[in-house]
Amino acid sequence: MKSQQQLTPIAIIRTPFPEKFSVPRQPGLAPSALAQIELVGNYQHAQAIAGIEQFSHLWLTFEFHQHSSWQERVRPPRLGGNEQLGVFATRSPFRPNQLGLSVVELVAVETEPKVVLTVRGADLVDNTPIVDIKPYIPYVDAISDAQAGFAQQKPEESLKVKFLEAAESTLTRESERTPELKALITEVLRQDPRPAYHKSQENQRNYGTALLNYNIRWYVQQNTVFVEEISLKEL
C-alpha cells in the first residue's frame, strides 16, 4: 500500500479580506477585489508557470485554514440558514479535508523578483494556502445545461449601498492611495454578508467589516446598507 502524501501549499494568496466576515460567498461577486498569488518554497520558479498567461481564468485548490472540523450537515446561507443539507451537497467550508475550489480571472503574471500571479474576483481570506493551480478550460469546465439545485441563478444584489458624509469624506481623502475602495466596499456589502438569522430582525445592528487596511462601520435599514465610517487600521 502506498503511503499517503501530505498536501503541501505551493503558494499563499494575498487578498483584501483579512477576516472571514464579509468575504464573498462565491468567486467573481466582487470583481474589484484584486489578489496576489505568491508561489513559495520549492515551487517559486518561473518554469512552473510557463505558458499560464495563455489562459484568462484559473482554478485554485486551497485549504480552509481557519476551519479545523467538519460537519455532516450544514445550513447554506443561500437557503436563509434555516434548511440543513449534507455538507457534500454544498460548498460549505466545514469539510473533512478542508479543501476548497475557486475560479479566478488572471490579470497579470510576474516572475521577478518573485513569482506572483495577480487575479481578480477571489473569495478567499487573506493568507489562504493554495495547494494547486490549474487553467480553466471553457469547453470542459463551462457546461451550459448543468443543473445547480438551490444555486441555479446568481444571487440578486438585494441591498443598495449608501455612503454617509463621514464615509464619503474618507473615500475622497483615500482616492489616490486606494482608488478601488468605494467599488470594493459596494460590491462586498450589497451581497448582504450579515448572518442569515439577522436578516429577519427589524432592530438596527451595527456591523464592522475589514477590507484591505480599512475598517468599515455600517448598518442596514429598509434594504439599504448605510456606510457610516471608514477608518485606516492602526498598525
# chains A, B, ... in the order shown; residues from 1 in each chain; ligands from 1

$ closest_atom_pairs --of "stretch 166-222 of chain A" --to "stretch 29-53 of chain A" --cutoff "7 Å" --atoms "only C-alpha atoms" --output "tab-separated table"
residue	atom	partner	partner_atom	distance
A:Glu180	CA	A:Ser32	CA	6.6
A:Ala183	CA	A:Ser32	CA	6.5
A:Leu184	CA	A:Ser32	CA	5.3
A:Glu187	CA	A:Ala30	CA	5.1
A:Val188	CA	A:Ala30	CA	6.1

$ residues_around --residues "A:Ile137" --least-positions-apart "3" --cutoff "10 Å" --atoms "only C-alpha atoms" --output "short mmCIF file (atom, residue, chain, number, x, y, z; two decimals) with N, CA, C and O atoms, in the first residue's frame"
data_model
loop_
_atom_site.label_atom_id
_atom_site.label_comp_id
_atom_site.auth_asym_id
_atom_site.auth_seq_id
_atom_site.Cartn_x
_atom_site.Cartn_y
_atom_site.Cartn_z
N PHE A 55 -4.07 31.67 -20.54
CA PHE A 55 -5.41 31.39 -20.00
C PHE A 55 -5.97 32.62 -19.29
O PHE A 55 -5.26 33.31 -18.56
N SER A 56 -7.24 32.86 -19.48
CA SER A 56 -7.87 34.03 -18.87
C SER A 56 -8.30 33.77 -17.43
O SER A 56 -8.41 34.71 -16.64
N HIS A 57 -8.55 32.49 -17.08
CA HIS A 57 -9.03 32.15 -15.75
C HIS A 57 -8.29 30.92 -15.22
O HIS A 57 -7.79 30.10 -16.02
N LEU A 58 -8.26 30.80 -13.90
CA LEU A 58 -7.56 29.71 -13.24
C LEU A 58 -8.44 29.07 -12.18
O LEU A 58 -9.24 29.76 -11.53
N TRP A 59 -8.26 27.77 -11.99
CA TRP A 59 -8.84 27.08 -10.85
C TRP A 59 -7.82 27.09 -9.71
O TRP A 59 -6.65 26.77 -9.93
N LYS A 134 -4.69 25.27 -11.61
CA LYS A 134 -4.92 24.66 -12.92
C LYS A 134 -5.60 25.68 -13.83
O LYS A 134 -6.39 26.50 -13.36
N VAL A 140 -14.68 22.32 -21.39
CA VAL A 140 -15.00 21.24 -20.45
C VAL A 140 -15.47 21.77 -19.10
O VAL A 140 -16.22 21.08 -18.40
N ASP A 141 -15.08 22.96 -18.74
CA ASP A 141 -15.41 23.49 -17.41
C ASP A 141 -16.71 24.28 -17.39
O ASP A 141 -17.30 24.49 -16.33
N ALA A 142 -17.15 24.78 -18.54
CA ALA A 142 -18.41 25.54 -18.61
C ALA A 142 -19.46 24.68 -19.30
O ALA A 142 -19.47 24.56 -20.53
#

$ atom_distance --atom1 "atom CA of A:Gly121" --atom2 "atom CA of A:Asn213"
18.1 Å

$ residues_around --residues "A:Leu212" --least-positions-apart "5" --cutoff "9 Å" --atoms "only C-alpha atoms" --output "MDAnalysis selection string"
chainID A and resid 15:18 181

$ closest_residue --among "A:Tyr139, A:Phe94, A:Phe88, A:Phe62" --to "A:Asn127" --atoms "only C-alpha atoms"
A:Phe62

$ residues_around --residues "A:Tyr219" --least-positions-apart "6" --cutoff "8 Å" --atoms "only C-alpha atoms" --output "JSON, numbers by chain"
{"A": [204, 205, 206, 207, 225, 226, 227, 228]}

$ residues_around --residues "A:Gly86" --least-positions-apart "4" --cutoff "8 Å" --atoms "only C-alpha atoms" --output "PDB file with all heavy atoms, in the first residue's frame"
ATOM      1  N   GLU A  72     -21.382  17.114   9.260  1.00  0.00           N
ATOM      2  CA  GLU A  72     -22.092  16.257   8.316  1.00  0.00           C
ATOM      3  C   GLU A  72     -23.244  16.994   7.644  1.00  0.00           C
ATOM      4  O   GLU A  72     -23.525  16.796   6.464  1.00  0.00           O
ATOM      5  CB  GLU A  72     -22.607  15.022   9.044  1.00  0.00           C
ATOM      6  CG  GLU A  72     -23.131  13.942   8.127  1.00  0.00           C
ATOM      7  CD  GLU A  72     -23.433  12.677   8.891  1.00  0.00           C
ATOM      8  OE1 GLU A  72     -24.407  12.683   9.676  1.00  0.00           O
ATOM      9  OE2 GLU A  72     -22.694  11.682   8.724  1.00  0.00           O
ATOM     10  N   ARG A  73     -23.902  17.869   8.411  1.00  0.00           N
ATOM     11  CA  ARG A  73     -24.999  18.662   7.875  1.00  0.00           C
ATOM     12  C   ARG A  73     -24.724  20.137   8.172  1.00  0.00           C
ATOM     13  O   ARG A  73     -24.246  20.483   9.254  1.00  0.00           O
ATOM     14  CB  ARG A  73     -26.341  18.229   8.479  1.00  0.00           C
ATOM     15  CG  ARG A  73     -26.721  16.805   8.100  1.00  0.00           C
ATOM     16  CD  ARG A  73     -28.026  16.383   8.746  1.00  0.00           C
ATOM     17  NE  ARG A  73     -29.167  17.127   8.239  1.00  0.00           N
ATOM     18  CZ  ARG A  73     -29.824  16.812   7.123  1.00  0.00           C
ATOM     19  NH1 ARG A  73     -29.426  15.788   6.380  1.00  0.00           N
ATOM     20  NH2 ARG A  73     -30.861  17.512   6.728  1.00  0.00           N
ATOM     21  N   VAL A  74     -25.034  20.987   7.194  1.00  0.00           N
ATOM     22  CA  VAL A  74     -24.765  22.421   7.316  1.00  0.00           C
ATOM     23  C   VAL A  74     -25.998  23.202   6.871  1.00  0.00           C
ATOM     24  O   VAL A  74     -26.926  22.649   6.279  1.00  0.00           O
ATOM     25  CB  VAL A  74     -23.541  22.836   6.473  1.00  0.00           C
ATOM     26  CG1 VAL A  74     -22.279  22.152   6.984  1.00  0.00           C
ATOM     27  CG2 VAL A  74     -23.758  22.498   4.994  1.00  0.00           C
ATOM     28  N   THR A  90     -23.137  20.923  -0.670  1.00  0.00           N
ATOM     29  CA  THR A  90     -22.931  22.363  -0.533  1.00  0.00           C
ATOM     30  C   THR A  90     -21.457  22.703  -0.771  1.00  0.00           C
ATOM     31  O   THR A  90     -20.627  21.822  -0.963  1.00  0.00           O
ATOM     32  CB  THR A  90     -23.307  22.849   0.882  1.00  0.00           C
ATOM     33  OG1 THR A  90     -22.271  22.453   1.804  1.00  0.00           O
ATOM     34  CG2 THR A  90     -24.644  22.289   1.330  1.00  0.00           C
TER      35      THR A  90
END

$ closest_residue --among "A:Ser231, A:Gln71, A:Gln6, A:Asn82" --to "A:Arg173" --atoms "only C-alpha atoms"
A:Ser231
